[in-house]
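Have a look at my_file02.txt; it's compact mmCIF, C-alpha atoms and all ligand atoms:
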# COMPACT_ATOMS: atom_id res chain seq x y z
CA MET A 14 75.07 131.14 97.15
CA ILE A 15 73.42 129.42 100.12
CA GLY A 16 75.62 126.49 101.17
CA GLY A 17 79.29 125.66 100.63
CA GLY A 18 78.94 121.90 99.87
CA PRO A 19 79.91 120.47 96.46
CA ALA A 20 76.92 122.08 94.71
CA GLY A 21 77.60 125.56 96.13
CA ALA A 22 81.35 125.33 95.54
CA ALA A 23 80.86 124.12 91.93
CA THR A 24 78.40 126.94 91.16
CA ALA A 25 80.82 129.46 92.65
CA ILE A 26 83.77 128.06 90.64
CA ALA A 27 81.82 128.28 87.36
CA CYS A 28 80.53 131.79 88.16
CA ARG A 29 84.03 133.04 89.06
CA ARG A 30 85.59 131.48 85.95
CA LEU A 31 82.94 133.34 83.93
CA GLY A 32 83.63 136.64 85.66
CA LEU A 33 80.70 136.97 88.10
CA HIS A 34 80.89 138.25 91.69
CA VAL A 35 80.05 135.53 94.20
CA ILE A 36 79.27 135.45 97.92
CA ILE A 37 78.93 132.04 99.57
CA LEU A 38 77.06 131.70 102.87
CA GLU A 39 77.89 128.55 104.82
CA ALA A 40 76.15 127.91 108.13
CA LEU A 41 78.71 125.44 109.52
CA GLU A 42 82.44 125.48 110.18
CA PHE A 43 84.33 123.13 107.82
CA PRO A 44 85.24 120.31 107.73
CA ARG A 45 81.68 119.30 108.60
CA ALA A 46 80.40 115.71 108.47
CA ARG A 47 78.59 114.51 105.32
CA PRO A 48 77.79 110.98 104.13
CA GLY A 49 78.68 109.96 100.57
CA GLU A 50 82.26 108.76 100.41
CA SER A 51 82.07 106.85 97.08
CA LEU A 52 82.45 109.02 94.00
CA PRO A 53 82.00 107.69 90.45
CA PRO A 54 84.81 107.99 87.82
CA ALA A 55 82.99 110.81 85.97
CA VAL A 56 83.91 113.37 88.67
CA GLU A 57 87.52 113.50 87.43
CA PRO A 58 86.97 114.80 83.85
CA LEU A 59 84.37 117.21 85.20
CA LEU A 60 86.74 118.72 87.77
CA GLN A 61 89.50 118.76 85.13
CA HIS A 62 87.29 120.73 82.77
CA TRP A 63 86.88 123.44 85.40
CA GLY A 64 90.57 123.34 86.36
CA VAL A 65 90.08 122.10 89.93
CA GLU A 66 91.11 118.44 89.63
CA SER A 67 93.84 119.07 92.22
CA VAL A 68 91.16 118.47 94.90
CA LEU A 69 91.40 114.75 94.03
CA ARG A 70 95.20 114.57 94.20
CA GLU A 71 95.30 113.61 97.89
CA TYR A 72 93.13 110.58 97.25
CA SER A 73 95.08 108.73 94.54
CA TRP A 74 95.57 105.85 97.04
CA SER A 75 91.85 105.31 97.44
CA ARG A 76 90.61 104.28 93.99
CA TYR A 77 88.18 101.41 93.38
CA GLU A 78 87.53 99.45 90.19
CA GLY A 79 84.17 97.85 90.88
CA ILE A 80 81.60 96.76 93.44
CA TRP A 81 81.06 93.47 95.24
CA SER A 82 77.30 93.01 94.98
CA SER A 83 74.80 90.34 96.06
CA TRP A 84 71.94 92.04 94.17
CA ASP A 85 71.37 89.08 91.83
CA GLY A 86 71.74 86.34 94.44
CA SER A 87 75.29 85.24 95.15
CA MET A 88 78.06 87.79 95.74
CA GLY A 89 79.82 88.79 92.51
CA PHE A 90 82.22 91.52 91.39
CA GLN A 91 80.92 94.13 88.90
CA ARG A 92 83.57 96.26 87.21
CA LEU A 93 82.80 99.95 86.71
CA GLY A 94 83.62 99.81 82.98
CA SER A 95 86.49 100.78 80.72
CA ASP A 96 87.41 102.63 77.54
CA GLU A 97 90.46 102.92 75.26
CA ARG A 98 92.38 104.54 78.13
CA GLY A 99 91.79 101.60 80.43
CA GLN A 100 89.76 100.56 83.45
CA TRP A 101 87.50 103.24 85.02
CA ARG A 102 88.09 103.86 88.71
CA GLY A 103 86.04 105.67 91.34
CA TRP A 104 87.16 107.27 94.62
CA HIS A 105 86.64 106.63 98.31
CA LEU A 106 87.31 109.82 100.18
CA PRO A 107 86.51 111.61 103.44
CA ARG A 108 83.67 113.87 102.29
CA GLY A 109 84.17 116.58 104.90
CA GLU A 110 87.74 117.06 103.75
CA PHE A 111 86.93 116.85 100.01
CA ASP A 112 84.13 119.43 100.38
CA MET A 113 86.49 121.75 102.24
CA ARG A 114 89.13 121.49 99.48
CA LEU A 115 86.55 122.30 96.80
CA LEU A 116 85.31 125.29 98.75
CA GLU A 117 88.92 126.51 99.11
CA GLN A 118 89.22 126.37 95.29
CA ALA A 119 86.14 128.57 94.93
CA CYS A 120 87.68 131.08 97.36
CA PHE A 121 91.05 130.88 95.57
CA LEU A 122 89.22 131.90 92.38
CA GLY A 123 87.79 134.94 94.17
CA ALA A 124 84.49 133.89 95.74
CA VAL A 125 83.83 135.65 99.08
CA LEU A 126 83.01 133.17 101.85
CA LEU A 127 80.92 134.12 104.90
CA GLN A 128 81.28 131.28 107.40
CA PRO A 129 79.53 130.67 109.69
CA CYS A 130 76.63 132.59 108.21
CA ARG A 131 73.06 131.33 107.81
CA ALA A 132 70.52 132.45 105.21
CA LEU A 133 67.33 133.41 107.06
CA SER A 134 64.90 134.75 104.44
CA VAL A 135 64.68 135.93 100.84
CA ALA A 136 64.53 139.68 100.21
CA ILE A 137 61.87 140.50 97.58
CA ARG A 138 61.22 144.03 96.25
CA GLU A 139 58.43 144.84 93.77
CA GLY A 140 58.03 141.13 93.07
CA LYS A 141 61.75 140.62 92.31
CA ILE A 142 64.35 138.67 94.31
CA VAL A 143 66.95 141.22 95.38
CA GLY A 144 69.02 139.30 97.95
CA LEU A 145 68.91 137.60 101.33
CA GLN A 146 68.57 138.33 105.03
CA THR A 147 71.30 136.43 106.82
CA SER A 148 72.57 135.93 110.35
CA GLU A 149 75.26 138.52 109.45
CA GLY A 150 72.88 141.11 107.99
CA ALA A 151 71.31 141.88 104.59
CA ILE A 152 73.06 140.95 101.31
CA GLU A 153 72.00 142.29 97.90
CA ALA A 154 72.24 139.91 94.95
CA LYS A 155 71.01 139.76 91.36
CA PHE A 156 70.77 135.98 91.59
CA VAL A 157 70.22 133.71 94.62
CA VAL A 158 71.44 130.10 94.33
CA ASP A 159 70.14 127.50 96.78
CA ALA A 160 72.84 124.89 97.42
CA SER A 161 71.74 124.21 100.98
CA GLY A 162 70.95 120.49 100.61
CA GLY A 163 67.91 118.22 100.82
CA ARG A 164 65.71 120.40 103.02
CA HIS A 165 64.90 122.51 99.90
CA TRP A 166 65.27 125.83 101.74
CA LEU A 167 64.49 128.13 98.81
CA ALA A 168 61.67 125.95 97.44
CA GLY A 169 60.04 126.30 100.89
CA LYS A 170 60.51 130.10 100.99
CA LEU A 171 59.27 130.69 97.41
CA GLY A 172 56.51 128.06 97.49
CA LEU A 173 58.05 126.04 94.62
CA GLY A 174 56.57 122.54 94.42
CA VAL A 175 58.68 119.53 95.41
CA LYS A 176 57.53 116.46 93.47
CA LYS A 177 57.97 113.09 95.24
CA VAL A 178 58.08 109.99 93.03
CA SER A 179 58.79 107.25 95.59
CA PRO A 180 57.25 106.25 98.90
CA LEU A 181 59.02 107.57 102.02
CA LEU A 182 62.59 106.20 102.12
CA LEU A 183 64.90 106.63 105.09
CA ALA A 184 68.59 105.77 105.23
CA ARG A 185 70.72 105.16 108.31
CA PHE A 186 74.46 105.74 108.03
CA GLY A 187 77.54 105.49 110.21
CA TYR A 188 81.13 104.35 110.56
CA SER A 189 82.54 101.04 111.80
CA LYS A 190 85.84 99.33 112.46
CA ILE A 191 86.54 96.83 109.70
CA GLY A 192 86.13 93.24 110.93
CA SER A 193 87.39 89.85 109.82
CA LEU A 194 85.23 89.65 106.67
CA SER A 195 86.92 92.87 105.71
CA VAL A 196 85.83 95.17 102.91
CA LYS A 197 89.15 95.68 101.09
CA ALA A 198 89.64 98.12 98.22
CA ASN A 199 86.17 97.88 96.69
CA PRO A 200 82.75 98.73 98.16
CA VAL A 201 80.24 95.99 99.01
CA LEU A 202 76.50 96.15 98.33
CA GLN A 203 74.67 93.48 100.30
CA THR A 204 70.93 92.79 100.04
CA ASP A 205 68.63 90.81 102.33
CA ASP A 206 64.85 90.43 102.65
CA MET A 207 64.51 93.75 104.47
CA GLY A 208 66.81 96.11 102.59
CA TRP A 209 70.31 96.82 101.34
CA THR A 210 73.62 97.78 102.97
CA TRP A 211 76.43 99.69 101.26
CA MET A 212 79.91 99.49 102.80
CA THR A 213 82.89 101.54 101.69
CA PRO A 214 86.41 101.36 103.17
CA ILE A 215 87.57 104.88 103.98
CA ASP A 216 90.96 103.87 105.37
CA LYS A 217 92.62 100.60 106.33
CA ASP A 218 90.72 100.34 109.64
CA ARG A 219 87.35 101.96 109.00
CA LEU A 220 84.36 101.62 106.73
CA ALA A 221 81.47 103.97 106.04
CA TRP A 222 78.12 102.24 105.76
CA THR A 223 74.59 103.11 104.63
CA ARG A 224 71.53 100.98 105.32
CA MET A 225 68.12 101.41 103.66
CA ARG A 226 65.05 99.30 104.33
CA PHE A 227 62.52 98.56 101.58
CA ASP A 228 59.48 99.21 103.79
CA GLY A 229 60.16 102.92 104.41
CA THR A 230 61.04 102.45 108.09
CA LEU A 231 64.37 103.34 109.65
CA GLU A 232 66.76 100.71 110.98
CA ALA A 233 67.25 101.00 114.78
CA ALA A 234 69.85 103.51 115.99
CA GLY A 235 72.16 100.75 117.24
CA TRP A 236 72.16 98.85 113.90
CA SER A 237 75.58 98.13 112.38
CA PRO A 238 76.85 96.04 109.44
CA GLY A 239 78.06 93.54 112.03
CA GLU A 240 74.63 92.06 111.24
CA CYS A 241 76.16 91.08 107.87
CA GLY A 242 79.46 89.98 109.45
CA TYR A 243 81.41 92.92 108.11
CA ASP A 244 82.40 94.96 111.13
CA GLU A 245 83.31 95.04 114.78
CA GLY A 246 80.81 97.65 115.94
CA ASN A 247 80.00 101.26 115.26
CA GLU A 248 82.21 104.27 115.94
CA GLY A 249 80.11 107.09 117.32
CA ASN A 250 76.37 107.42 116.76
CA SER A 251 74.72 106.57 113.48
CA LEU A 252 72.57 109.23 111.79
CA SER A 253 69.62 109.18 109.40
CA ALA A 254 68.41 111.02 106.30
CA ASP A 255 65.22 111.24 104.25
CA VAL A 256 66.19 109.91 100.80
CA THR A 257 62.71 109.83 99.23
CA TRP A 258 63.13 110.44 95.47
CA ARG A 259 62.12 114.05 94.83
CA CYS A 260 62.80 117.10 92.71
CA VAL A 261 61.94 120.80 92.79
CA GLU A 262 59.53 121.48 89.93
CA ARG A 263 60.77 124.94 88.88
CA SER A 264 64.43 124.60 89.83
CA MET A 265 65.41 127.84 88.02
CA GLY A 266 63.52 131.07 87.40
CA PRO A 267 64.01 134.84 87.43
CA GLY A 268 66.64 135.65 90.08
CA TYR A 269 66.96 132.17 91.58
CA CYS A 270 68.24 128.65 91.03
CA CYS A 271 68.38 125.36 93.00
CA VAL A 272 71.42 123.07 92.63
CA GLY A 273 72.55 119.73 94.10
CA ASP A 274 70.32 118.15 96.76
CA ALA A 275 68.42 121.44 97.07
CA ALA A 276 67.04 120.61 93.59
CA VAL A 277 67.05 116.78 93.39
CA VAL A 278 67.36 113.90 95.88
CA LEU A 279 67.50 110.20 95.06
CA ASP A 280 68.37 107.35 97.40
CA PRO A 281 72.13 106.77 97.70
CA LEU A 282 72.00 103.59 95.61
CA SER A 283 72.05 105.88 92.55
CA SER A 284 75.63 106.90 93.62
CA HIS A 285 75.23 110.17 91.74
CA GLY A 286 74.62 112.61 94.61
CA VAL A 287 77.99 114.36 94.52
CA LEU A 288 78.29 114.08 90.73
CA ARG A 289 74.86 115.69 90.34
CA ALA A 290 75.78 118.39 92.87
CA LEU A 291 78.91 119.23 90.85
CA MET A 292 77.27 119.03 87.42
CA SER A 293 74.19 121.03 88.37
CA GLY A 294 76.43 123.65 90.01
CA PHE A 295 78.66 124.03 86.94
CA MET A 296 75.62 124.05 84.64
CA ALA A 297 73.81 126.64 86.79
CA GLY A 298 76.91 128.87 86.84
CA GLN A 299 77.10 128.79 83.04
CA THR A 300 73.39 129.51 82.70
CA ILE A 301 73.51 132.45 85.13
CA ALA A 302 76.52 133.92 83.29
CA LYS A 303 74.80 133.55 79.89
CA GLY A 304 71.60 135.10 81.29
CA GLY A 305 73.55 138.07 82.63
CA VAL A 306 74.57 139.23 79.15
CA ARG A 307 71.16 138.74 77.58
CA ARG A 308 68.28 141.19 77.55
CA ALA A 309 65.72 138.71 76.23
CA GLY A 310 65.37 134.94 76.11
CA LYS A 311 66.23 134.34 79.76
CA GLU A 312 63.15 132.18 80.33
CA LYS A 313 64.38 129.85 77.55
CA LEU A 314 67.73 129.51 79.34
CA PHE A 315 65.99 128.81 82.66
CA SER A 316 63.77 126.16 81.08
CA GLU A 317 66.78 124.49 79.42
CA TYR A 318 68.38 124.10 82.87
CA ARG A 319 65.11 122.81 84.37
CA ASN A 320 64.60 120.29 81.55
CA TRP A 321 68.19 119.07 81.70
CA LEU A 322 67.94 118.43 85.46
CA SER A 323 64.48 116.91 85.29
CA GLU A 324 65.50 114.52 82.47
CA TRP A 325 68.49 113.38 84.53
CA PHE A 326 66.20 112.85 87.54
CA GLN A 327 63.77 110.81 85.44
CA ARG A 328 66.56 108.72 83.92
CA ASP A 329 68.11 107.93 87.31
CA SER A 330 64.76 107.13 88.94
CA PHE A 331 63.89 104.84 86.02
CA GLU A 332 67.23 103.03 86.43
CA LEU A 333 66.71 102.69 90.18
CA LYS A 334 63.22 101.27 89.64
CA THR A 335 64.58 98.76 87.13
CA LEU A 336 67.21 97.72 89.67
CA TYR A 337 64.71 97.37 92.52
CA ARG A 338 62.30 95.40 90.31
CA ARG A 339 64.89 92.63 90.08
CA LEU A 340 64.38 91.91 93.81
CA PRO A 341 61.22 89.88 94.55
CA ASN A 342 60.80 91.32 98.06
CA VAL A 343 60.37 94.93 96.86
CA ALA A 344 57.57 94.26 94.34
CA SER A 345 54.84 95.76 96.56
CA TRP A 346 57.08 98.72 97.44
CA LEU A 347 57.46 99.46 93.72
CA ALA A 348 53.80 99.02 93.02
CA SER A 349 53.16 102.01 95.27
CA ALA A 350 55.91 104.12 93.63
C1 LIG B 1 73.33 108.08 103.72
C2 LIG B 1 73.77 108.77 102.45
C3 LIG B 1 74.80 108.19 101.69
C4 LIG B 1 75.23 108.84 100.52
N1 LIG B 1 76.20 108.24 99.76
C5 LIG B 1 76.63 108.85 98.62
C6 LIG B 1 77.71 108.30 97.87
O1 LIG B 1 78.29 107.26 98.22
N2 LIG B 1 78.11 108.97 96.74
C7 LIG B 1 77.52 110.14 96.34
O2 LIG B 1 77.91 110.70 95.30
N3 LIG B 1 76.51 110.70 97.05
C8 LIG B 1 76.06 110.09 98.18
N4 LIG B 1 75.06 110.67 98.92
C9 LIG B 1 74.48 111.95 98.47
C10 LIG B 1 75.42 113.13 98.78
O3 LIG B 1 75.82 113.11 100.14
C11 LIG B 1 74.68 114.44 98.47
O4 LIG B 1 74.06 114.31 97.20
C12 LIG B 1 75.62 115.65 98.44
O5 LIG B 1 76.14 115.93 99.73
C13 LIG B 1 74.87 116.89 97.93
O6 LIG B 1 75.71 118.01 97.98
P1 LIG B 1 75.07 119.47 98.15
O7 LIG B 1 76.21 120.43 98.02
O8 LIG B 1 73.88 119.62 97.29
O9 LIG B 1 74.51 119.51 99.66
P2 LIG B 1 75.27 119.35 101.04
O10 LIG B 1 76.48 118.52 100.89
O11 LIG B 1 74.21 118.88 101.99
O12 LIG B 1 75.72 120.83 101.43
C14 LIG B 1 74.78 121.81 101.80
C15 LIG B 1 75.48 122.87 102.66
O13 LIG B 1 74.57 123.94 102.89
C16 LIG B 1 74.71 124.43 104.22
N5 LIG B 1 73.45 125.08 104.62
C17 LIG B 1 72.24 124.49 104.83
N6 LIG B 1 71.33 125.44 105.14
C18 LIG B 1 71.97 126.65 105.12
C19 LIG B 1 71.54 127.99 105.36
N7 LIG B 1 70.28 128.30 105.66
N8 LIG B 1 72.48 128.99 105.26
C20 LIG B 1 73.77 128.72 104.96
N9 LIG B 1 74.22 127.44 104.71
C21 LIG B 1 73.33 126.42 104.78
C22 LIG B 1 75.01 123.15 105.01
O14 LIG B 1 75.70 123.45 106.21
C23 LIG B 1 75.89 122.34 104.03
O15 LIG B 1 77.27 122.56 104.23
C24 LIG B 1 74.62 110.05 100.10
C25 LIG B 1 73.59 110.63 100.88
C26 LIG B 1 73.17 109.99 102.04
C27 LIG B 1 72.06 110.62 102.87

In structure tokens, write the structure found in this file.
Amino acid sequence: MIGGGPAGAATAIACRRLGLHVIILEALEFPRARPGESLPPAVEPLLQHWGVESVLREYSWSRYEGIWSSWDGSMGFQRLGSDERGQWRGWHLPRGEFDMRLLEQACFLGAVLLQPCRALSVAIREGKIVGLQTSEGAIEAKFVVDASGGRHWLAGKLGLGVKKVSPLLLARFGYSKIGSLSVKANPVLQTDDMGWTWMTPIDKDRLAWTRMRFDGTLEAAGWSPGECGYDEGNEGNSLSADVTWRCVERSMGPGYCCVGDAAVVLDPLSSHGVLRALMSGFMAGQTIAKGGVRRAGKEKLFSEYRNWLSEWFQRDSFELKTLYRRLPNVASWLASA
């Protein structure tokens, strides 16, 4: 497993629950910084299913029931939804800490963690993937899982195509002190002529924000949601990420698999990044375990995983396009998508 983020940890948890040996390589010491503090309600039943819902226990104070959004003009509150058990609620949580807890669960279940350890190259013998060269030496493996995030490490090494379905999109993100127009329990999504801003309270004094412009350029480094009246200045430096909508075309094949952002990236408005990392990891773990006991029919299993992921990608990109189409100022941006 290359990477110990949510995708790598979820794959390791599924593989361990299904009796496979797992080694996780993680290049950074944890907790490491990661954007993406708002998690949708669906993460809870998923983590419950795999017996690791305790990672959410610390965050029971930080639930949200909906989003304040100005997408359709004036600011209004949109509830997340409900069922017979009541109102659905998402989570705000410090991602670095959440990711560390999930990785601890994988280790508790028996995964071996090498940290810090960086994957350097893929070992291939007689046309077959047989392991990895790492900063700590060679490791043999029957299956290599890329969970290393949006730089698509394995796709680059194996020459797998990465299909882009949007123009270049860049997001700036950072942290601010909450100001007088404070973001309380629920996140705020604010649009203007140039782009959108997402603001999430992560404790009583601080909010995490993400800003994306519609024209593909990056907001200046000193930008802060103070521009929208929501904060009193940034804490630390803001960072940026390429959030162009893209997916690896053959995300699973003989001896390898891509999960999480290593397989699919969409801009953060989709709010599914961590959910997709978890689901693709659990799904990949199940597929690898099934493949291990089969002599034939592995290609069918691999293509089922690829189709499942690609259909999800298409559905989410369609929904994002529909959402963006409702804004008059992004019509030309969409025309080029
Ligand atoms: C600005 C922004 C805001 C976002 N907001 C949200 C949000 O509100 N909600 C949400 O659900 N999602 C959000 N996302 C998306 C979310 O952050 C990602 O989808 C999620 O982190 C993907 O998890 P992952 O495990 O695939 O990758 P990552 O979390 O990126 O983990 C990859 C790990 O691999 C390690 N690694 C990389 N290369 C190597 C190597 N060669 N060897 C060993 N280890 C390696 C890295 O150190 C890292 O720990 C946001 C993204 C951005 C950019």

Figure out the distance between CA of Ala27 in chain A and atom C16 of ligand LIG 1 (chain B), please, to one decimal in Å. 18.7 Å

Step by step, measure atom-to-atom distances between ligand LIG 1 (chain B) and each residue using only C-alpha atoms and all ligand atoms, keep those at most 6 Å, then write them as a ChimeraX atom specification. /A:15-21,38-41,48-52,130-132,160-162,184,186,223,254,273-275,281,284-288,290

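Surrounding residues of (65.8, 105.9, 110.2) at most 12 Å away are Leu181, Leu182, Leu183, Ala184, Arg185, Phe186, Gly187, Thr223, Arg224, Met225, Arg226, Phe227, Asp228, Gly229, Thr230, Leu231, Glu232, Ala233, Ala234, Gly235, Trp236, Ser251, Leu252, Ser253, Ala254, Asp255 and Val256 of chain A (based on all atoms listed in the file).
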
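CA of Ala276 in chain A is found 16.4 Å from CA of Ala25 in chain A.
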
Contacts of Phe326 in chain A at 12 Å or less, counting only C-alpha atoms, minus same-chain residues fewer than 5 places along, as number ranges by chain? A: 176-178, 258-262, 273-274, 276-280, 283, 285-286, 289, 293, 319-321, 331-333

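Picture a line from CA of Gln327 in chain A to CA of Lys303 in chain A; it runs 25.9 Å.
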
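Shortest atom-to-atom contact with Leu93 in chain A among A:Gly169, A:Gly249, A:Pro200, A:Gly208: A:Pro200, counting all atoms listed in the file.
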
For Leu145 in chain A, list every protein, DNA or RNA residue within 8 Å, evaluated using only C-alpha atoms, and leave out those in the same chain fewer than 2 positions away; present the list as a VMD selection string. chain A and resid 132 to 136 143 147 151 to 154 157

Of A:Val125, A:Ile36, A:Leu69, A:Leu60, the one nearest to Gly144 in chain A when counting all atoms listed in the file is A:Ile36
